[in-house]
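Content type mmCIF, C-alpha atoms, from the file work-v3.cif:
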data_target
loop_
_atom_site.group_PDB
_atom_site.id
_atom_site.type_symbol
_atom_site.label_atom_id
_atom_site.label_comp_id
_atom_site.auth_asym_id
_atom_site.auth_seq_id
_atom_site.Cartn_x
_atom_site.Cartn_y
_atom_site.Cartn_z
ATOM 1 C CA MET A 231 0.000 0.000 0.000
ATOM 2 C CA SER A 232 2.642 2.471 1.070
ATOM 3 C CA ALA A 233 4.539 1.938 -2.172
ATOM 4 C CA GLU A 234 1.436 2.929 -4.108
ATOM 5 C CA VAL A 235 1.820 6.416 -5.525
ATOM 6 C CA LEU A 236 -1.084 8.580 -6.561
ATOM 7 C CA PRO A 237 -0.913 9.124 -10.309
ATOM 8 C CA TYR A 238 -0.463 12.570 -11.876
ATOM 9 C CA THR A 239 0.950 14.235 -8.775
ATOM 10 C CA VAL A 240 3.762 15.672 -10.898
ATOM 11 C CA LYS A 241 2.940 14.619 -14.450
ATOM 12 C CA PRO A 242 0.054 16.280 -16.282
ATOM 13 C CA HIS A 243 -3.152 14.290 -16.375
ATOM 14 C CA PRO A 244 -3.883 13.323 -20.000
ATOM 15 C CA VAL A 245 -7.400 14.791 -19.853
ATOM 16 C CA THR A 246 -6.812 18.083 -18.015
ATOM 17 C CA GLY A 247 -3.248 18.701 -19.130
ATOM 18 C CA LEU A 248 -2.447 19.650 -15.513
ATOM 19 C CA TYR A 249 -1.102 17.712 -12.577
ATOM 20 C CA ASN A 250 -3.997 16.932 -10.238
ATOM 21 C CA GLY A 251 -3.051 19.415 -7.511
ATOM 22 C CA LYS A 252 -3.055 22.281 -9.978
ATOM 23 C CA PHE A 253 -6.389 21.173 -11.414
ATOM 24 C CA GLY A 254 -7.765 21.136 -7.867
ATOM 25 C CA ILE A 255 -6.604 24.644 -7.060
ATOM 26 C CA TRP A 256 -8.097 25.909 -10.326
ATOM 27 C CA LEU A 257 -11.466 24.384 -9.393
ATOM 28 C CA PHE A 258 -11.197 26.108 -6.031
ATOM 29 C CA LEU A 259 -10.375 29.406 -7.738
ATOM 30 C CA ALA A 260 -13.448 28.947 -9.941
ATOM 31 C CA SER A 261 -15.559 28.798 -6.771
ATOM 32 C CA GLU A 262 -13.753 31.894 -5.509
ATOM 33 C CA VAL A 263 -14.663 33.740 -8.697
ATOM 34 C CA MET A 264 -18.314 32.974 -7.923
ATOM 35 C CA LEU A 265 -17.937 34.200 -4.334
ATOM 36 C CA PHE A 266 -16.322 37.493 -5.272
ATOM 37 C CA GLY A 267 -18.379 37.721 -8.456
ATOM 38 C CA ALA A 268 -21.580 37.740 -6.406
ATOM 39 C CA LEU A 269 -20.216 40.591 -4.288
ATOM 40 C CA PHE A 270 -19.068 42.565 -7.325
ATOM 41 C CA SER A 271 -22.547 42.164 -8.835
ATOM 42 C CA THR A 272 -24.047 43.346 -5.558
ATOM 43 C CA TYR A 273 -21.830 46.411 -5.695
ATOM 44 C CA ILE A 274 -22.856 47.172 -9.271
ATOM 45 C CA PHE A 275 -26.599 46.879 -8.564
ATOM 46 C CA LEU A 276 -26.419 48.937 -5.374
ATOM 47 C CA ARG A 277 -24.423 51.577 -7.163
ATOM 48 C CA ILE A 278 -26.732 51.763 -10.167
ATOM 49 C CA GLY A 279 -29.779 51.804 -7.894
ATOM 50 C CA ALA A 280 -28.470 54.578 -5.616
ATOM 51 C CA PRO A 281 -30.279 57.907 -6.022
ATOM 52 C CA GLU A 282 -28.434 60.897 -7.502
ATOM 53 C CA THR A 283 -28.959 63.122 -4.467
ATOM 54 C CA GLY A 284 -30.229 62.934 -0.913
ATOM 55 C CA PRO A 285 -29.016 61.117 2.203
ATOM 56 C CA THR A 286 -28.854 57.719 0.501
ATOM 57 C CA ALA A 287 -26.917 58.982 -2.537
ATOM 58 C CA TRP A 288 -23.644 57.224 -3.362
ATOM 59 C CA PRO A 289 -20.820 59.074 -1.552
ATOM 60 C CA THR A 290 -18.318 61.099 -3.569
ATOM 61 C CA GLY A 291 -14.586 60.579 -3.204
ATOM 62 C CA GLU A 292 -14.272 62.950 -0.246
ATOM 63 C CA GLN A 293 -17.285 61.596 1.619
ATOM 64 C CA THR A 294 -15.892 58.061 1.585
ATOM 65 C CA HIS A 295 -12.833 59.114 3.642
ATOM 66 C CA LEU A 296 -10.844 56.607 1.612
ATOM 67 C CA SER A 297 -7.300 57.585 0.804
ATOM 68 C CA TRP A 298 -6.299 56.658 -2.739
ATOM 69 C CA LYS A 299 -2.706 57.017 -1.556
ATOM 70 C CA LEU A 300 -3.084 54.219 1.009
ATOM 71 C CA GLY A 301 -5.093 52.148 -1.463
ATOM 72 C CA GLY A 302 -2.475 52.755 -4.156
ATOM 73 C CA LEU A 303 0.353 51.882 -1.768
ATOM 74 C CA ASN A 304 -1.403 48.616 -0.930
ATOM 75 C CA THR A 305 -1.863 47.952 -4.652
ATOM 76 C CA LEU A 306 1.891 48.326 -5.182
ATOM 77 C CA ILE A 307 2.589 46.089 -2.170
ATOM 78 C CA LEU A 308 0.342 43.317 -3.502
ATOM 79 C CA ILE A 309 1.756 43.511 -7.031
ATOM 80 C CA LEU A 310 5.276 43.287 -5.589
ATOM 81 C CA SER A 311 4.244 40.323 -3.425
ATOM 82 C CA SER A 312 2.926 38.540 -6.517
ATOM 83 C CA VAL A 313 6.319 38.989 -8.145
ATOM 84 C CA THR A 314 8.194 37.679 -5.085
ATOM 85 C CA MET A 315 5.796 34.712 -4.941
ATOM 86 C CA VAL A 316 6.436 33.741 -8.538
ATOM 87 C CA MET A 317 10.190 34.318 -8.089
ATOM 88 C CA ALA A 318 10.135 31.905 -5.131
ATOM 89 C CA TRP A 319 8.700 29.266 -7.456
ATOM 90 C CA VAL A 320 11.422 30.046 -10.039
ATOM 91 C CA GLN A 321 14.131 29.544 -7.399
ATOM 92 C CA PHE A 322 12.658 26.219 -6.255
ATOM 93 C CA LYS A 323 12.398 25.172 -9.876
ATOM 94 C CA MET A 324 16.127 25.927 -10.193
ATOM 95 C CA ASP A 325 16.848 23.810 -7.076
ATOM 96 C CA ASN A 326 17.682 26.761 -4.842
ATOM 97 C CA LEU A 327 15.942 26.309 -1.497
ATOM 98 C CA ALA A 328 17.654 29.188 0.336
ATOM 99 C CA LYS A 329 16.832 31.828 -2.273
ATOM 100 C CA GLY A 330 13.316 30.519 -2.789
ATOM 101 C CA ARG A 331 12.716 30.714 0.920
ATOM 102 C CA MET A 332 13.944 34.319 0.980
ATOM 103 C CA TYR A 333 11.377 35.190 -1.682
ATOM 104 C CA LEU A 334 8.664 33.410 0.301
ATOM 105 C CA ILE A 335 9.620 35.393 3.400
ATOM 106 C CA ALA A 336 9.505 38.606 1.347
ATOM 107 C CA THR A 337 6.019 37.642 0.135
ATOM 108 C CA ALA A 338 4.814 37.005 3.686
ATOM 109 C CA VAL A 339 6.303 40.289 4.940
ATOM 110 C CA LEU A 340 4.621 42.251 2.119
ATOM 111 C CA ALA A 341 1.323 40.507 2.833
ATOM 112 C CA ILE A 342 1.528 41.380 6.525
ATOM 113 C CA ALA A 343 2.354 44.985 5.573
ATOM 114 C CA PHE A 344 -0.798 45.036 3.423
ATOM 115 C CA VAL A 345 -2.994 43.826 6.275
ATOM 116 C CA ALA A 346 -1.295 46.196 8.756
ATOM 117 C CA ILE A 347 -1.983 49.223 6.527
ATOM 118 C CA LYS A 348 -5.538 48.036 5.977
ATOM 119 C CA LEU A 349 -6.274 47.580 9.674
ATOM 120 C CA LYS A 350 -4.189 50.271 11.324
ATOM 121 C CA PHE A 351 -4.526 53.163 8.893
ATOM 122 C CA GLU A 352 -7.773 52.407 7.096
ATOM 123 C CA TYR A 353 -10.194 50.466 9.312
ATOM 124 C CA MET A 354 -9.067 52.110 12.577
ATOM 125 C CA HIS A 355 -9.247 55.537 10.971
ATOM 126 C CA LYS A 356 -12.826 54.815 9.909
ATOM 127 C CA PHE A 357 -13.786 53.552 13.363
ATOM 128 C CA HIS A 358 -12.327 56.714 14.919
ATOM 129 C CA LEU A 359 -14.565 58.741 12.634
ATOM 130 C CA GLY A 360 -17.480 56.641 13.865
ATOM 131 C CA ILE A 361 -17.829 54.894 10.523
ATOM 132 C CA LYS A 362 -19.089 51.326 10.721
ATOM 133 C CA PRO A 363 -20.424 48.876 8.140
ATOM 134 C CA SER A 364 -23.925 50.007 9.171
ATOM 135 C CA THR A 365 -23.128 53.669 8.419
ATOM 136 C CA SER A 366 -24.229 53.499 4.789
ATOM 137 C CA VAL A 367 -24.699 51.164 1.864
ATOM 138 C CA PHE A 368 -21.285 52.196 0.575
ATOM 139 C CA PHE A 369 -19.534 51.279 3.817
ATOM 140 C CA ALA A 370 -21.479 48.034 4.106
ATOM 141 C CA ILE A 371 -20.147 46.892 0.741
ATOM 142 C CA TYR A 372 -16.710 48.447 1.416
ATOM 143 C CA PHE A 373 -16.205 46.543 4.675
ATOM 144 C CA THR A 374 -17.660 43.320 3.285
ATOM 145 C CA MET A 375 -15.489 43.249 0.178
ATOM 146 C CA THR A 376 -12.236 44.517 1.663
ATOM 147 C CA GLY A 377 -12.805 42.439 4.818
ATOM 148 C CA LEU A 378 -13.316 39.235 2.846
ATOM 149 C CA HIS A 379 -10.284 40.120 0.737
ATOM 150 C CA ALA A 380 -8.165 40.770 3.857
ATOM 151 C CA LEU A 381 -9.211 37.363 5.234
ATOM 152 C CA HIS A 382 -7.946 35.825 2.004
ATOM 153 C CA ILE A 383 -4.618 37.615 2.479
ATOM 154 C CA ILE A 384 -4.365 36.307 6.054
ATOM 155 C CA GLY A 385 -5.189 32.788 4.827
ATOM 156 C CA GLY A 386 -2.443 33.105 2.223
ATOM 157 C CA VAL A 387 0.074 34.234 4.850
ATOM 158 C CA VAL A 388 -0.719 31.138 6.940
ATOM 159 C CA VAL A 389 -0.066 28.842 3.966
ATOM 160 C CA ILE A 390 3.112 30.692 2.950
ATOM 161 C CA ALA A 391 4.369 30.630 6.558
ATOM 162 C CA TYR A 392 3.729 26.885 6.635
ATOM 163 C CA PHE A 393 5.880 26.362 3.537
ATOM 164 C CA ILE A 394 8.656 28.594 4.933
ATOM 165 C CA GLY A 395 8.639 26.634 8.197
ATOM 166 C CA PRO A 396 7.459 23.063 8.809
ATOM 167 C CA GLY A 397 6.280 22.512 5.227
ATOM 168 C CA ALA A 398 9.841 22.923 3.927
ATOM 169 C CA LYS A 399 10.590 19.397 5.198
ATOM 170 C CA LEU A 400 8.917 18.149 2.032
ATOM 171 C CA TRP A 401 11.696 19.766 -0.015
ATOM 172 C CA HIS A 402 14.182 17.248 1.341
ATOM 173 C CA GLU A 403 11.817 14.356 0.634
ATOM 174 C CA ASN A 404 10.548 15.328 -2.800
ATOM 175 C CA ARG A 405 11.550 18.598 -4.434
ATOM 176 C CA GLU A 406 9.048 18.323 -7.226
ATOM 177 C CA TYR A 407 6.129 17.902 -4.829
ATOM 178 C CA TYR A 408 7.274 20.895 -2.830
ATOM 179 C CA THR A 409 7.807 23.110 -5.893
ATOM 180 C CA ASN A 410 4.377 22.195 -7.237
ATOM 181 C CA ARG A 411 2.750 23.085 -3.941
ATOM 182 C CA ILE A 412 4.451 26.463 -4.113
ATOM 183 C CA GLU A 413 3.069 26.892 -7.635
ATOM 184 C CA CYS A 414 -0.452 26.131 -6.354
ATOM 185 C CA THR A 415 0.000 28.522 -3.434
ATOM 186 C CA GLY A 416 1.126 31.079 -5.998
ATOM 187 C CA LEU A 417 -1.973 30.538 -8.139
ATOM 188 C CA TYR A 418 -4.130 31.334 -5.111
ATOM 189 C CA TRP A 419 -1.939 34.284 -4.203
ATOM 190 C CA HIS A 420 -2.129 35.825 -7.676
ATOM 191 C CA PHE A 421 -5.892 35.408 -7.617
ATOM 192 C CA VAL A 422 -6.070 37.407 -4.381
ATOM 193 C CA ASP A 423 -3.899 40.072 -6.040
ATOM 194 C CA LEU A 424 -6.241 40.001 -9.039
ATOM 195 C CA VAL A 425 -9.296 40.665 -6.853
ATOM 196 C CA TRP A 426 -7.573 43.706 -5.375
ATOM 197 C CA ILE A 427 -6.810 45.005 -8.884
ATOM 198 C CA PHE A 428 -10.606 45.409 -9.265
ATOM 199 C CA LEU A 429 -11.346 46.475 -5.683
ATOM 200 C CA PHE A 430 -8.902 49.383 -5.748
ATOM 201 C CA PRO A 431 -10.467 51.368 -8.609
ATOM 202 C CA ILE A 432 -14.120 50.619 -7.773
ATOM 203 C CA LEU A 433 -13.844 51.596 -4.101
ATOM 204 C CA TYR A 434 -11.075 54.203 -4.027
ATOM 205 C CA LEU A 435 -11.262 55.921 -7.385
ATOM 206 C CA LEU A 436 -14.737 55.720 -8.886
ATOM 207 C CA MET B 159 17.492 19.972 -16.349
ATOM 208 C CA SER B 160 19.116 22.674 -18.484
ATOM 209 C CA ASP B 161 15.936 22.828 -20.547
ATOM 210 C CA ALA B 162 13.891 23.541 -17.467
ATOM 211 C CA HIS B 163 16.385 26.247 -16.498
ATOM 212 C CA ALA B 164 16.143 27.899 -19.896
ATOM 213 C CA ASP B 165 12.344 27.790 -19.674
ATOM 214 C CA VAL B 166 12.303 29.341 -16.231
ATOM 215 C CA THR B 167 14.727 32.086 -17.281
ATOM 216 C CA LYS B 168 12.354 32.947 -20.103
ATOM 217 C CA HIS B 169 9.563 33.154 -17.535
ATOM 218 C CA VAL B 170 11.523 35.560 -15.346
ATOM 219 C CA LYS B 171 11.772 38.094 -18.187
ATOM 220 C CA ALA B 172 8.000 37.921 -18.610
ATOM 221 C CA TYR B 173 7.464 38.368 -14.857
ATOM 222 C CA ILE B 174 9.595 41.510 -14.774
ATOM 223 C CA ALA B 175 7.785 42.911 -17.833
ATOM 224 C CA VAL B 176 4.377 42.239 -16.261
ATOM 225 C CA PHE B 177 5.509 43.780 -12.981
ATOM 226 C CA THR B 178 6.517 46.989 -14.781
ATOM 227 C CA ALA B 179 3.266 47.012 -16.744
ATOM 228 C CA LEU B 180 1.137 46.521 -13.610
ATOM 229 C CA ILE B 181 2.842 49.376 -11.770
ATOM 230 C CA THR B 182 2.547 51.668 -14.802
ATOM 231 C CA LEU B 183 -1.132 50.816 -15.284
ATOM 232 C CA THR B 184 -1.866 51.457 -11.593
ATOM 233 C CA VAL B 185 -0.449 54.960 -12.011
ATOM 234 C CA VAL B 186 -2.455 55.385 -15.232
ATOM 235 C CA THR B 187 -5.658 54.332 -13.413
ATOM 236 C CA VAL B 188 -5.105 56.932 -10.697
ATOM 237 C CA LEU B 189 -4.336 59.659 -13.259
ATOM 238 C CA ALA B 190 -7.333 58.683 -15.413
ATOM 239 C CA SER B 191 -9.648 59.027 -12.408
ATOM 240 C CA ARG B 192 -8.832 62.743 -12.356
ATOM 241 C CA LEU B 193 -9.953 63.437 -15.900
ATOM 242 C CA THR B 194 -13.065 65.556 -16.199
ATOM 243 C CA VAL B 195 -15.298 63.167 -18.108
ATOM 244 C CA ALA B 196 -18.735 61.660 -17.541
ATOM 245 C CA PRO B 197 -18.973 59.106 -14.684
ATOM 246 C CA SER B 198 -19.782 56.310 -17.118
ATOM 247 C CA VAL B 199 -16.581 57.062 -19.035
ATOM 248 C CA HIS B 200 -14.637 56.904 -15.758
ATOM 249 C CA VAL B 201 -16.090 53.462 -15.040
ATOM 250 C CA ALA B 202 -15.332 52.280 -18.574
ATOM 251 C CA ILE B 203 -11.693 53.450 -18.421
ATOM 252 C CA ALA B 204 -11.077 52.044 -14.921
ATOM 253 C CA LEU B 205 -12.612 48.651 -15.695
ATOM 254 C CA ALA B 206 -10.835 48.389 -19.047
ATOM 255 C CA ILE B 207 -7.480 48.961 -17.343
ATOM 256 C CA ALA B 208 -8.331 46.620 -14.457
ATOM 257 C CA GLY B 209 -9.452 43.954 -16.913
ATOM 258 C CA PHE B 210 -6.216 44.231 -18.842
ATOM 259 C CA LYS B 211 -4.149 44.073 -15.624
ATOM 260 C CA ALA B 212 -6.120 41.026 -14.504
ATOM 261 C CA SER B 213 -5.471 39.269 -17.805
ATOM 262 C CA LEU B 214 -1.736 39.977 -17.470
ATOM 263 C CA VAL B 215 -1.743 38.427 -13.986
ATOM 264 C CA ALA B 216 -3.753 35.410 -15.147
ATOM 265 C CA MET B 217 -1.759 34.815 -18.343
ATOM 266 C CA ILE B 218 1.763 35.297 -16.969
ATOM 267 C CA PHE B 219 1.824 34.961 -13.156
ATOM 268 C CA MET B 220 -0.790 32.211 -13.180
ATOM 269 C CA HIS B 221 0.864 30.525 -16.179
ATOM 270 C CA LEU B 222 -2.302 30.349 -18.289
ATOM 271 C CA LYS B 223 -0.291 31.357 -21.342
ATOM 272 C CA TRP B 224 1.586 28.076 -20.991
ATOM 273 C CA GLU B 225 -1.510 25.945 -20.243
ATOM 274 C CA ARG B 226 -3.161 25.853 -23.648
ATOM 275 C CA GLN B 227 -4.382 22.280 -23.308
ATOM 276 C CA ALA B 228 -6.299 22.872 -20.091
ATOM 277 C CA ILE B 229 -8.001 25.957 -21.424
ATOM 278 C CA SER B 230 -9.043 24.471 -24.734
ATOM 279 C CA GLY B 231 -10.287 21.429 -22.804
ATOM 280 C CA LEU B 232 -12.405 23.477 -20.435
ATOM 281 C CA CYS B 233 -13.890 25.783 -23.034
#
Go through the file and emit its structure as structure tokens.
Amino acid sequence: MSAEVLPYTVKPHPVTGLYNGKFGIWLFLASEVMLFGALFSTYIFLRIGAPETGPTAWPTGEQTHLSWKLGGLNTLILILSSVTMVMAWVQFKMDNLAKGRMYLIATAVLAIAFVAIKLKFEYMHKFHLGIKPSTSVFFAIYFTMTGLHALHIIGGVVVIAYFIGPGAKLWHENREYYTNRIECTGLYWHFVDLVWIFLFPILYLL
Amino acid sequence: MSDAHADVTKHVKAYIAVFTALITLTVVTVLASRLTVAPSVHVAIALAIAGFKASLVAMIFMHLKWERQAISGLC
């Protein structure tokens, strides 16, 4: 039994053209698209349905108290973290554990910086102003979407931290397995970056 | 092994190019939001840029460009 190896853990499956782990993460990402897609649709309908004037009108840039500078900084941080993530995979692919690990650490640090800016300078600032999700329709959707996105970042950090620490044991047992897991982690990570690419303009700029 | 190395090196060039493009397009999005045009035009510009950025991330960072078989199989 123990000698039995699951097929297509490293070789592409003839039907999907992907190794099974990668196919699995893509199916998961498809479900994520539906999750975020529902929220983006909600945003669009609420926005279209909001009256032009009056107390329930959609807030203008100044009324939202959102800083495009902080949002833009976080955009740059996430883009950079996507690059470090993919560079980690490149290093593992080239059999360099030490360098790959450095890139993973850089990714985790950038991710934590993103969450820190989000919580400390954005959410806390809003709470100080007395702004809560119940303040308005805009803030309800703002906190829901950015909150769910931030949870995804935190989830990603946990996985990346695992592969920096205890998960790295796998490298010494089977490099290909380890490298492929990093690729799958990366696919998730880039997806989270991709969601932010849409969140930034719709919440901070439009 | 050397083949894999050559492949990966080719990837790195693409990653750097996409990184530069994403940063540039973020700046463009911010600048475009200051234009004095109708709100619907603002939305169109912002979503067009975001869509393009997203496709760069999906094609290059998420390796879809190199996964033709999977895509043609799913579609």
Excluding segment 203-214 of chain B and any residue of its chain fewer than 6 positions from it, enumerate the residues within 9 Å of it, using all atoms listed in the file, and give them as number ranges by chain.
A: 421, 423-425, 427-428, 431-432, 435-436; B: 176, 179-180, 183-184, 186-188, 190-191, 220
Set out as a Markdown table a contact list for chain A and chain B with a cut-off of 8 Å, giving each residue of chain A that qualifies its closest atom pair and distance in Å to one decimal, counting all atoms listed in the file, ordered by chain and rising residue number.
| residue | atom | partner | partner_atom | distance |
| --- | --- | --- | --- | --- |
| A:Val245 | CA | B:Gly231 | CA | 7.8 |
| A:Thr246 | CA | B:Ala228 | CA | 5.2 |
| A:Gly247 | CA | B:Ala228 | CA | 5.3 |
| A:Leu248 | CA | B:Ala228 | CA | 6.8 |
| A:Gly302 | CA | B:Thr184 | CA | 7.6 |
| A:Thr305 | CA | B:Thr184 | CA | 7.8 |
| A:Leu306 | CA | B:Ile181 | CA | 6.7 |
| A:Ile309 | CA | B:Phe177 | CA | 7.0 |
| A:Leu310 | CA | B:Phe177 | CA | 7.4 |
| A:Ser312 | CA | B:Phe219 | CA | 7.6 |
| A:Val313 | CA | B:Tyr173 | CA | 6.8 |
| A:Val316 | CA | B:Phe219 | CA | 6.6 |
| A:Met317 | CA | B:Val170 | CA | 7.5 |
| A:Val320 | CA | B:Val166 | CA | 6.3 |
| A:Lys323 | CA | B:Val166 | CA | 7.6 |
| A:Met324 | CA | B:His163 | CA | 6.3 |
| A:Gly416 | CA | B:Met220 | CA | 7.5 |
| A:Leu417 | CA | B:Met220 | CA | 5.4 |
| A:His420 | CA | B:Met220 | CA | 6.7 |
| A:Phe421 | CA | B:Ala216 | CA | 7.8 |
| A:Leu424 | CA | B:Ala212 | CA | 5.6 |
| A:Ile427 | CA | B:Ala208 | CA | 6.0 |
| A:Phe428 | CA | B:Ala208 | CA | 5.8 |
| A:Pro431 | CA | B:Ala204 | CA | 6.4 |
| A:Ile432 | CA | B:Ala204 | CA | 7.9 |
| A:Leu435 | CA | B:Ser191 | CA | 6.1 |
| A:Leu436 | CA | B:Val201 | CA | 6.7 |
Selection result for the PyMOL selection byres ((chain A and resi 255) around 12) on this file, as a count of residues only
26
Take the PyMOL selection byres ((chain A and resi 367) around 12), run it mentally on this structure, and tell me the resulting residues as an NGL selection string.
:A and (272-277 or 279-281 or 285-289 or 294 or 361-366 or 368-374)
Filtering to C-alpha atoms, could you give me those residues as a PDB file, in the coordinates of the input?
ATOM      1  CA  THR A 272     -24.047  43.346  -5.558  1.00  0.00           C
ATOM      2  CA  TYR A 273     -21.830  46.411  -5.695  1.00  0.00           C
ATOM      3  CA  ILE A 274     -22.856  47.172  -9.271  1.00  0.00           C
ATOM      4  CA  PHE A 275     -26.599  46.879  -8.564  1.00  0.00           C
ATOM      5  CA  LEU A 276     -26.419  48.937  -5.374  1.00  0.00           C
ATOM      6  CA  ARG A 277     -24.423  51.577  -7.163  1.00  0.00           C
ATOM      7  CA  GLY A 279     -29.779  51.804  -7.894  1.00  0.00           C
ATOM      8  CA  ALA A 280     -28.470  54.578  -5.616  1.00  0.00           C
ATOM      9  CA  PRO A 281     -30.279  57.907  -6.022  1.00  0.00           C
ATOM     10  CA  PRO A 285     -29.016  61.117   2.203  1.00  0.00           C
ATOM     11  CA  THR A 286     -28.854  57.719   0.501  1.00  0.00           C
ATOM     12  CA  ALA A 287     -26.917  58.982  -2.537  1.00  0.00           C
ATOM     13  CA  TRP A 288     -23.644  57.224  -3.362  1.00  0.00           C
ATOM     14  CA  PRO A 289     -20.820  59.074  -1.552  1.00  0.00           C
ATOM     15  CA  THR A 294     -15.892  58.061   1.585  1.00  0.00           C
ATOM     16  CA  ILE A 361     -17.829  54.894  10.523  1.00  0.00           C
ATOM     17  CA  LYS A 362     -19.089  51.326  10.721  1.00  0.00           C
ATOM     18  CA  PRO A 363     -20.424  48.876   8.140  1.00  0.00           C
ATOM     19  CA  SER A 364     -23.925  50.007   9.171  1.00  0.00           C
ATOM     20  CA  THR A 365     -23.128  53.669   8.419  1.00  0.00           C
ATOM     21  CA  SER A 366     -24.229  53.499   4.789  1.00  0.00           C
ATOM     22  CA  PHE A 368     -21.285  52.196   0.575  1.00  0.00           C
ATOM     23  CA  PHE A 369     -19.534  51.279   3.817  1.00  0.00           C
ATOM     24  CA  ALA A 370     -21.479  48.034   4.106  1.00  0.00           C
ATOM     25  CA  ILE A 371     -20.147  46.892   0.741  1.00  0.00           C
ATOM     26  CA  TYR A 372     -16.710  48.447   1.416  1.00  0.00           C
ATOM     27  CA  PHE A 373     -16.205  46.543   4.675  1.00  0.00           C
ATOM     28  CA  THR A 374     -17.660  43.320   3.285  1.00  0.00           C
TER      29      THR A 374
END
Across A:Asn326, A:Ser311, A:Phe357, A:Gln321, the smallest distance to Phe344 of chain A, with all atoms listed in the file counted, is shown by A:Ser311
One decimal, in Å: what's the spacing between atom CA of Phe266 of chain A and atom CA of Leu433 of chain A?
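Here the two named atoms are 14.4 Å from each other.
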Complete segment 233-250 of chain A at the level of N, CA and C atoms, written as an mmCIF file, keeping the file's coordinate frame.
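Result file is rebuild-v3.cif:
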data_model
loop_
_atom_site.group_PDB
_atom_site.id
_atom_site.type_symbol
_atom_site.label_atom_id
_atom_site.label_comp_id
_atom_site.auth_asym_id
_atom_site.auth_seq_id
_atom_site.Cartn_x
_atom_site.Cartn_y
_atom_site.Cartn_z
ATOM 1 N N ALA A 233 3.753 1.712 -0.958
ATOM 2 C CA ALA A 233 4.539 1.938 -2.172
ATOM 3 C C ALA A 233 3.672 2.522 -3.289
ATOM 4 N N GLU A 234 2.362 2.418 -3.107
ATOM 5 C CA GLU A 234 1.436 2.929 -4.108
ATOM 6 C C GLU A 234 1.538 4.449 -4.184
ATOM 7 N N VAL A 235 1.706 4.959 -5.373
ATOM 8 C CA VAL A 235 1.820 6.416 -5.525
ATOM 9 C C VAL A 235 0.606 6.909 -6.304
ATOM 10 N N LEU A 236 0.043 7.992 -5.837
ATOM 11 C CA LEU A 236 -1.084 8.580 -6.561
ATOM 12 C C LEU A 236 -0.603 9.020 -7.939
ATOM 13 N N PRO A 237 -1.366 8.707 -8.985
ATOM 14 C CA PRO A 237 -0.913 9.124 -10.309
ATOM 15 C C PRO A 237 -1.103 10.630 -10.523
ATOM 16 N N TYR A 238 -0.339 11.164 -11.441
ATOM 17 C CA TYR A 238 -0.463 12.570 -11.876
ATOM 18 C C TYR A 238 -0.230 13.588 -10.759
ATOM 19 N N THR A 239 0.620 13.230 -9.777
ATOM 20 C CA THR A 239 0.950 14.235 -8.775
ATOM 21 C C THR A 239 1.987 15.205 -9.323
ATOM 22 N N VAL A 240 2.807 14.745 -10.270
ATOM 23 C CA VAL A 240 3.762 15.672 -10.898
ATOM 24 C C VAL A 240 3.574 15.726 -12.416
ATOM 25 N N LYS A 241 3.145 14.630 -12.987
ATOM 26 C CA LYS A 241 2.940 14.619 -14.450
ATOM 27 C C LYS A 241 1.534 15.110 -14.776
ATOM 28 N N PRO A 242 1.398 15.810 -15.905
ATOM 29 C CA PRO A 242 0.054 16.280 -16.282
ATOM 30 C C PRO A 242 -0.892 15.121 -16.537
ATOM 31 N N HIS A 243 -2.113 15.276 -16.098
ATOM 32 C CA HIS A 243 -3.152 14.290 -16.375
ATOM 33 C C HIS A 243 -3.496 14.384 -17.867
ATOM 34 N N PRO A 244 -3.640 13.247 -18.549
ATOM 35 C CA PRO A 244 -3.883 13.323 -20.000
ATOM 36 C C PRO A 244 -5.152 14.096 -20.375
ATOM 37 N N VAL A 245 -6.146 14.103 -19.508
ATOM 38 C CA VAL A 245 -7.400 14.791 -19.853
ATOM 39 C C VAL A 245 -7.302 16.291 -19.579
ATOM 40 N N THR A 246 -6.815 16.661 -18.386
ATOM 41 C CA THR A 246 -6.812 18.083 -18.015
ATOM 42 C C THR A 246 -5.567 18.799 -18.521
ATOM 43 N N GLY A 247 -4.493 18.062 -18.731
ATOM 44 C CA GLY A 247 -3.248 18.701 -19.130
ATOM 45 C C GLY A 247 -2.528 19.327 -17.953
ATOM 46 N N LEU A 248 -3.034 19.092 -16.735
ATOM 47 C CA LEU A 248 -2.447 19.650 -15.513
ATOM 48 C C LEU A 248 -2.188 18.518 -14.538
ATOM 49 N N TYR A 249 -1.210 18.711 -13.647
ATOM 50 C CA TYR A 249 -1.102 17.712 -12.577
ATOM 51 C C TYR A 249 -2.301 17.950 -11.651
ATOM 52 N N ASN A 250 -2.718 16.887 -10.953
ATOM 53 C CA ASN A 250 -3.997 16.932 -10.238
ATOM 54 C C ASN A 250 -4.119 18.063 -9.217
#
